[in-house]
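Below is run.pdb, holding PDB, C-alpha atoms and all ligand atoms.
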ATOM      1  CA  MET T   1      26.464  73.272  13.839  1.00  0.00           C
ATOM      2  CA  LEU T   2      27.755  73.201  10.276  1.00  0.00           C
ATOM      3  CA  HIS T   3      27.132  76.938   9.977  1.00  0.00           C
ATOM      4  CA  LEU T   4      29.124  77.609  13.121  1.00  0.00           C
ATOM      5  CA  ILE T   5      32.043  75.499  11.857  1.00  0.00           C
ATOM      6  CA  GLN T   6      32.060  77.320   8.523  1.00  0.00           C
ATOM      7  CA  LEU T   7      31.902  80.661  10.281  1.00  0.00           C
ATOM      8  CA  LYS T   8      34.804  79.780  12.582  1.00  0.00           C
ATOM      9  CA  GLU T   9      36.869  78.390   9.719  1.00  0.00           C
ATOM     10  CA  GLY T  10      36.450  81.597   7.816  1.00  0.00           C
ATOM     11  CA  LEU T  11      37.449  83.798  10.733  1.00  0.00           C
ATOM     12  CA  ASN T  12      39.980  81.795  12.657  1.00  0.00           C
ATOM     13  CA  LYS T  13      42.692  79.469  11.348  1.00  0.00           C
ATOM     14  CA  ASP T  14      43.301  78.073  14.832  1.00  0.00           C
ATOM     15  CA  PHE T  15      39.946  76.428  14.590  1.00  0.00           C
ATOM     16  CA  ASP T  16      41.177  73.080  15.897  1.00  0.00           C
ATOM     17  CA  GLN T  17      41.829  74.561  19.317  1.00  0.00           C
ATOM     18  CA  ILE T  18      38.137  75.192  19.868  1.00  0.00           C
ATOM     19  CA  ASN T  19      36.423  72.235  21.361  1.00  0.00           C
ATOM     20  CA  ILE T  20      33.153  71.682  19.560  1.00  0.00           C
ATOM     21  CA  THR T  21      32.689  67.970  20.165  1.00  0.00           C
ATOM     22  CA  ASN T  22      31.668  68.335  23.802  1.00  0.00           C
ATOM     23  CA  GLY T  23      28.916  70.546  25.091  1.00  0.00           C
ATOM     24  CA  THR T  24      27.008  73.227  23.235  1.00  0.00           C
ATOM     25  CA  PRO T  25      28.580  75.722  20.860  1.00  0.00           C
ATOM     26  CA  PHE T  26      28.634  79.388  21.798  1.00  0.00           C
ATOM     27  CA  ILE T  27      25.749  80.279  19.549  1.00  0.00           C
ATOM     28  CA  ASN T  28      23.134  77.861  18.432  1.00  0.00           C
ATOM     29  CA  LEU T  29      22.418  79.417  15.056  1.00  0.00           C
ATOM     30  CA  LYS T  30      19.481  77.123  14.336  1.00  0.00           C
ATOM     31  CA  ASN T  31      17.564  78.471  17.313  1.00  0.00           C
ATOM     32  CA  PHE T  32      18.760  82.027  16.953  1.00  0.00           C
ATOM     33  CA  ASN T  33      15.641  84.049  16.308  1.00  0.00           C
ATOM     34  CA  ILE T  34      15.642  87.774  15.659  1.00  0.00           C
ATOM     35  CA  MET T  35      12.531  89.890  15.685  1.00  0.00           C
ATOM     36  CA  ILE T  36      12.710  92.688  13.164  1.00  0.00           C
ATOM     37  CA  PHE T  37      10.696  95.845  13.702  1.00  0.00           C
ATOM     38  CA  TYR T  38      10.177  97.963  10.624  1.00  0.00           C
ATOM     39  CA  GLY T  39       7.606 100.191   9.001  1.00  0.00           C
ATOM     40  CA  SER T  40       6.988 103.786   8.068  1.00  0.00           C
ATOM     41  CA  ARG T  41       6.347 106.874  10.140  1.00  0.00           C
ATOM     42  CA  SER T  42       5.331 110.450   9.487  1.00  0.00           C
ATOM     43  CA  LYS T  43       7.003 113.519  10.932  1.00  0.00           C
ATOM     44  CA  HIS T  44       5.402 116.953  11.031  1.00  0.00           C
ATOM     45  CA  LEU T  45       7.546 119.284   8.919  1.00  0.00           C
ATOM     46  CA  LYS T  46       5.642 122.545   8.626  1.00  0.00           C
ATOM     47  CA  THR T  47       2.275 124.224   9.033  1.00  0.00           C
ATOM     48  CA  GLU T  48       1.561 127.368   7.026  1.00  0.00           C
ATOM     49  CA  ARG T  49      -1.532 129.553   7.244  1.00  0.00           C
ATOM     50  CA  VAL T  50      -2.799 130.701   3.865  1.00  0.00           C
ATOM     51  CA  THR T  51      -5.538 133.133   2.915  1.00  0.00           C
ATOM     52  CA  GLY T  52      -7.291 133.459  -0.422  1.00  0.00           C
ATOM     53  CA  PRO T  53      -8.831 130.109  -1.335  1.00  0.00           C
ATOM     54  CA  THR T  54     -12.472 129.613  -0.344  1.00  0.00           C
ATOM     55  CA  CYS T  55     -13.279 126.568   1.788  1.00  0.00           C
ATOM     56  CA  GLN T  56     -14.999 123.905  -0.308  1.00  0.00           C
ATOM     57  CA  HIS T  57     -17.033 122.807   2.701  1.00  0.00           C
ATOM     58  CA  CYS T  58     -18.314 125.929   4.497  1.00  0.00           C
ATOM     59  CA  LYS T  59     -17.784 128.358   1.564  1.00  0.00           C
ATOM     60  CA  ASN T  60     -16.036 130.840   3.902  1.00  0.00           C
ATOM     61  CA  GLN T  61     -12.861 132.646   2.899  1.00  0.00           C
ATOM     62  CA  ALA T  62     -11.339 131.915   6.297  1.00  0.00           C
ATOM     63  CA  PRO T  63      -7.593 131.234   6.626  1.00  0.00           C
ATOM     64  CA  ILE T  64      -6.612 127.650   5.855  1.00  0.00           C
ATOM     65  CA  ASN T  65      -3.794 125.779   7.617  1.00  0.00           C
ATOM     66  CA  ILE T  66      -1.680 123.655   5.315  1.00  0.00           C
ATOM     67  CA  THR T  67       0.421 121.022   7.071  1.00  0.00           C
ATOM     68  CA  ILE T  68       3.194 119.025   5.404  1.00  0.00           C
ATOM     69  CA  PHE T  69       4.445 115.694   6.755  1.00  0.00           C
ATOM     70  CA  GLY T  70       7.565 113.831   5.722  1.00  0.00           C
ATOM     71  CA  LYS T  71       7.347 110.049   5.566  1.00  0.00           C
ATOM     72  CA  TYR T  72      10.279 107.738   6.172  1.00  0.00           C
ATOM     73  CA  ALA T  73      10.953 104.019   6.389  1.00  0.00           C
ATOM     74  CA  HIS T  74      12.319 102.907   9.740  1.00  0.00           C
ATOM     75  CA  LEU T  75      14.088  99.824  11.056  1.00  0.00           C
ATOM     76  CA  TYR T  76      13.920  99.524  14.843  1.00  0.00           C
ATOM     77  CA  TRP T  77      12.620 103.112  14.794  1.00  0.00           C
ATOM     78  CA  ILE T  78      15.835 104.362  13.161  1.00  0.00           C
ATOM     79  CA  PRO T  79      14.904 106.381  10.061  1.00  0.00           C
ATOM     80  CA  PHE T  80      16.450 104.715   7.021  1.00  0.00           C
ATOM     81  CA  PHE T  81      15.290 106.631   3.966  1.00  0.00           C
ATOM     82  CA  PRO T  82      12.546 109.114   3.051  1.00  0.00           C
ATOM     83  CA  ILE T  83       9.488 107.844   1.196  1.00  0.00           C
ATOM     84  CA  GLY T  84       7.970 111.121   0.095  1.00  0.00           C
ATOM     85  CA  LYS T  85       5.834 113.802   1.606  1.00  0.00           C
ATOM     86  CA  THR T  86       2.174 114.013   2.416  1.00  0.00           C
ATOM     87  CA  GLY T  87      -0.058 116.736   3.759  1.00  0.00           C
ATOM     88  CA  VAL T  88      -3.437 118.036   4.744  1.00  0.00           C
ATOM     89  CA  SER T  89      -5.351 121.312   4.748  1.00  0.00           C
ATOM     90  CA  GLU T  90      -7.619 122.439   7.547  1.00  0.00           C
ATOM     91  CA  CYS T  91     -10.174 125.230   7.370  1.00  0.00           C
ATOM     92  CA  THR T  92      -9.857 127.429  10.465  1.00  0.00           C
ATOM     93  CA  HIS T  93     -13.597 128.151  10.341  1.00  0.00           C
ATOM     94  CA  CYS T  94     -15.243 124.706  10.016  1.00  0.00           C
ATOM     95  CA  LYS T  95     -12.182 122.523  10.815  1.00  0.00           C
ATOM     96  CA  LYS T  96     -12.793 120.455   7.672  1.00  0.00           C
ATOM     97  CA  THR T  97      -9.599 118.645   6.611  1.00  0.00           C
ATOM     98  CA  LEU T  98      -8.742 117.758   3.030  1.00  0.00           C
ATOM     99  CA  SER T  99      -6.103 115.503   1.512  1.00  0.00           C
ATOM    100  CA  PRO T 100      -4.174 116.889  -1.505  1.00  0.00           C
ATOM    101  CA  LYS T 101      -6.381 114.794  -3.832  1.00  0.00           C
ATOM    102  CA  GLU T 102      -9.554 116.421  -2.466  1.00  0.00           C
ATOM    103  CA  MET T 103      -8.295 120.010  -2.794  1.00  0.00           C
ATOM    104  CA  ASP T 104      -9.653 122.299  -5.498  1.00  0.00           C
ATOM    105  CA  ASN T 105      -7.270 124.008  -7.943  1.00  0.00           C
ATOM    106  CA  SER T 106      -6.620 127.238  -6.005  1.00  0.00           C
ATOM    107  CA  LEU T 107      -5.971 125.415  -2.726  1.00  0.00           C
ATOM    108  CA  LYS T 108      -3.867 122.732  -4.448  1.00  0.00           C
ATOM    109  CA  ARG T 109      -1.703 125.478  -6.013  1.00  0.00           C
ATOM    110  CA  LYS T 110      -1.023 126.937  -2.532  1.00  0.00           C
ATOM    111  CA  TYR T 111      -0.313 123.463  -1.191  1.00  0.00           C
ATOM    112  CA  ASP T 112       2.175 122.664  -3.984  1.00  0.00           C
ATOM    113  CA  GLU T 113       3.875 126.027  -3.437  1.00  0.00           C
ATOM    114  CA  ILE T 114       4.481 125.275   0.273  1.00  0.00           C
ATOM    115  CA  ASP T 115       5.403 121.654  -0.443  1.00  0.00           C
ATOM    116  CA  SER T 116       8.023 122.682  -3.025  1.00  0.00           C
ATOM    117  CA  PHE T 117      10.159 124.743  -0.610  1.00  0.00           C
ATOM    118  CA  ILE T 118      10.135 122.194   2.237  1.00  0.00           C
ATOM    119  CA  LYS T 119      13.186 119.998   2.111  1.00  0.00           C
ATOM    120  CA  THR T 120      13.346 116.447   3.377  1.00  0.00           C
ATOM    121  CA  PRO T 121      15.329 116.487   6.657  1.00  0.00           C
ATOM    122  CA  PHE T 122      18.829 115.070   6.419  1.00  0.00           C
ATOM    123  CA  TRP T 123      18.276 112.748   9.412  1.00  0.00           C
ATOM    124  CA  PHE T 124      15.678 110.807   7.392  1.00  0.00           C
ATOM    125  CA  TRP T 125      18.765 109.051   5.944  1.00  0.00           C
ATOM    126  CA  SER T 126      20.273 108.205   9.396  1.00  0.00           C
ATOM    127  CA  GLY T 127      20.177 104.418   8.946  1.00  0.00           C
ATOM    128  CA  ILE T 128      21.784 104.462   5.487  1.00  0.00           C
ATOM    129  CA  ILE T 129      24.490 106.879   6.702  1.00  0.00           C
ATOM    130  CA  LEU T 130      25.114 104.703   9.777  1.00  0.00           C
ATOM    131  CA  ILE T 131      25.534 101.588   7.601  1.00  0.00           C
ATOM    132  CA  LEU T 132      27.858 103.461   5.214  1.00  0.00           C
ATOM    133  CA  PHE T 133      30.076 104.499   8.135  1.00  0.00           C
ATOM    134  CA  LEU T 134      30.087 100.965   9.558  1.00  0.00           C
ATOM    135  CA  PHE T 135      31.189  99.505   6.216  1.00  0.00           C
ATOM    136  CA  LEU T 136      33.450 102.400   5.225  1.00  0.00           C
ATOM    137  CA  PRO T 137      36.658 100.742   6.535  1.00  0.00           C
ATOM    138  CA  THR T 138      35.828  97.569   4.571  1.00  0.00           C
ATOM    139  CA  ILE T 139      35.075  99.550   1.408  1.00  0.00           C
ATOM    140  CA  ILE T 140      38.320 101.573   1.683  1.00  0.00           C
ATOM    141  CA  MET T 141      40.364  98.420   2.380  1.00  0.00           C
ATOM    142  CA  THR T 142      38.822  96.674  -0.638  1.00  0.00           C
ATOM    143  CA  ILE T 143      39.649  99.581  -2.958  1.00  0.00           C
ATOM    144  CA  PHE T 144      43.152 100.407  -1.696  1.00  0.00           C
ATOM    145  CA  ARG T 145      44.586  97.008  -0.789  1.00  0.00           C
TER     146      ARG T 145
HETATM  147 ZN    ZN T 201     -14.530 125.577   6.080  1.00  0.00          ZN
END
Do you think you could lay out the structure here as structure tokens?
Ligand SMILES: [Zn+2]
Amino acid sequence: MLHLIQLKEGLNKDFDQINITNGTPFINLKNFNIMIFYGSRSKHLKTERVTGPTCQHCKNQAPINITIFGKYAHLYWIPFFPIGKTGVSECTHCKKTLSPKEMDNSLKRKYDEIDSFIKTPFWFWSGIILILFLFLPTIIMTIFR
């Protein structure tokens, strides 16, 4: 109740006109529960087929698929900001998959090459951009008042 009064006082000078002594206030802030969904997700960015490196597992010089994923933090499934890239290689002969840490030097070099020219998508920042636009009027008014 105290929170509601403080909130109303801050927003509205005609506070006295609102009847708060009888009945329930509009919002019971004490019992106002919000469930927050957040976490991180991965989005497929690119798969490139490379030839040259020998598979560490089956020892064949078969083409290897290198796949790069972009990771982002989300709030209510809205991407907020990127949290780096990850990837995997897959031998087209034996289907063995390797994380970047497991790759040998020649495969890791190919992986880093592909990784370096893949940019993080702009929409990974959607949440931050959305918040900036929501608060932009307030920011401008604070600076230029
Ligand atoms: Zn293989």
Note to self: At a cut-off of 12 Å, using all atoms listed in the file, what residues contact region 98-101 of chain T? Leave out same-chain residues fewer than 5 positions from it and give the result as a list in words.
What the structure shows: Cys55, Gln56, His57, Ile64, Asn65, Ile66, Thr67, Ile68, Phe69, Lys85, Thr86, Gly87, Val88, Ser89, Glu90, Cys91, Ser106, Leu107, Lys108, Arg109, Lys110, Tyr111, Asp112 and Asp115 of chain T
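Here CA of Phe80 (chain T) and CA of Phe144 (chain T) stand 28.4 Å from one another.
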Margin query: I'd like to see the residues matched by the PyMOL selection byres (((chain T and resi 93) around 8) and not hetatm) on this file, and ideally I'd get them as a PyMOL selection string.
Written below: chain T and resi 58+60+62-63+91-92+94-95
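Using only C-alpha atoms, the nearest neighbour of Leu45 (chain T) within the list T:Leu130, T:Phe124, T:Asp104, T:His74 is T:Phe124.
Between ligand ZN 201 (chain T) and the candidates T:Ile140, T:Ile114, T:Leu132, T:Gln61, the tightest atom-to-atom separation, counting all atoms listed in the file, involves T:Gln61.
Candidate residues T:Asn105, T:Pro82, T:Ile143, T:Met35 were compared for distance to Lys119 (chain T), and the nearest is T:Pro82, using only C-alpha atoms.
The coordinates place CA of His44 (chain T) at 14.3 Å from CA of Phe122 (chain T).
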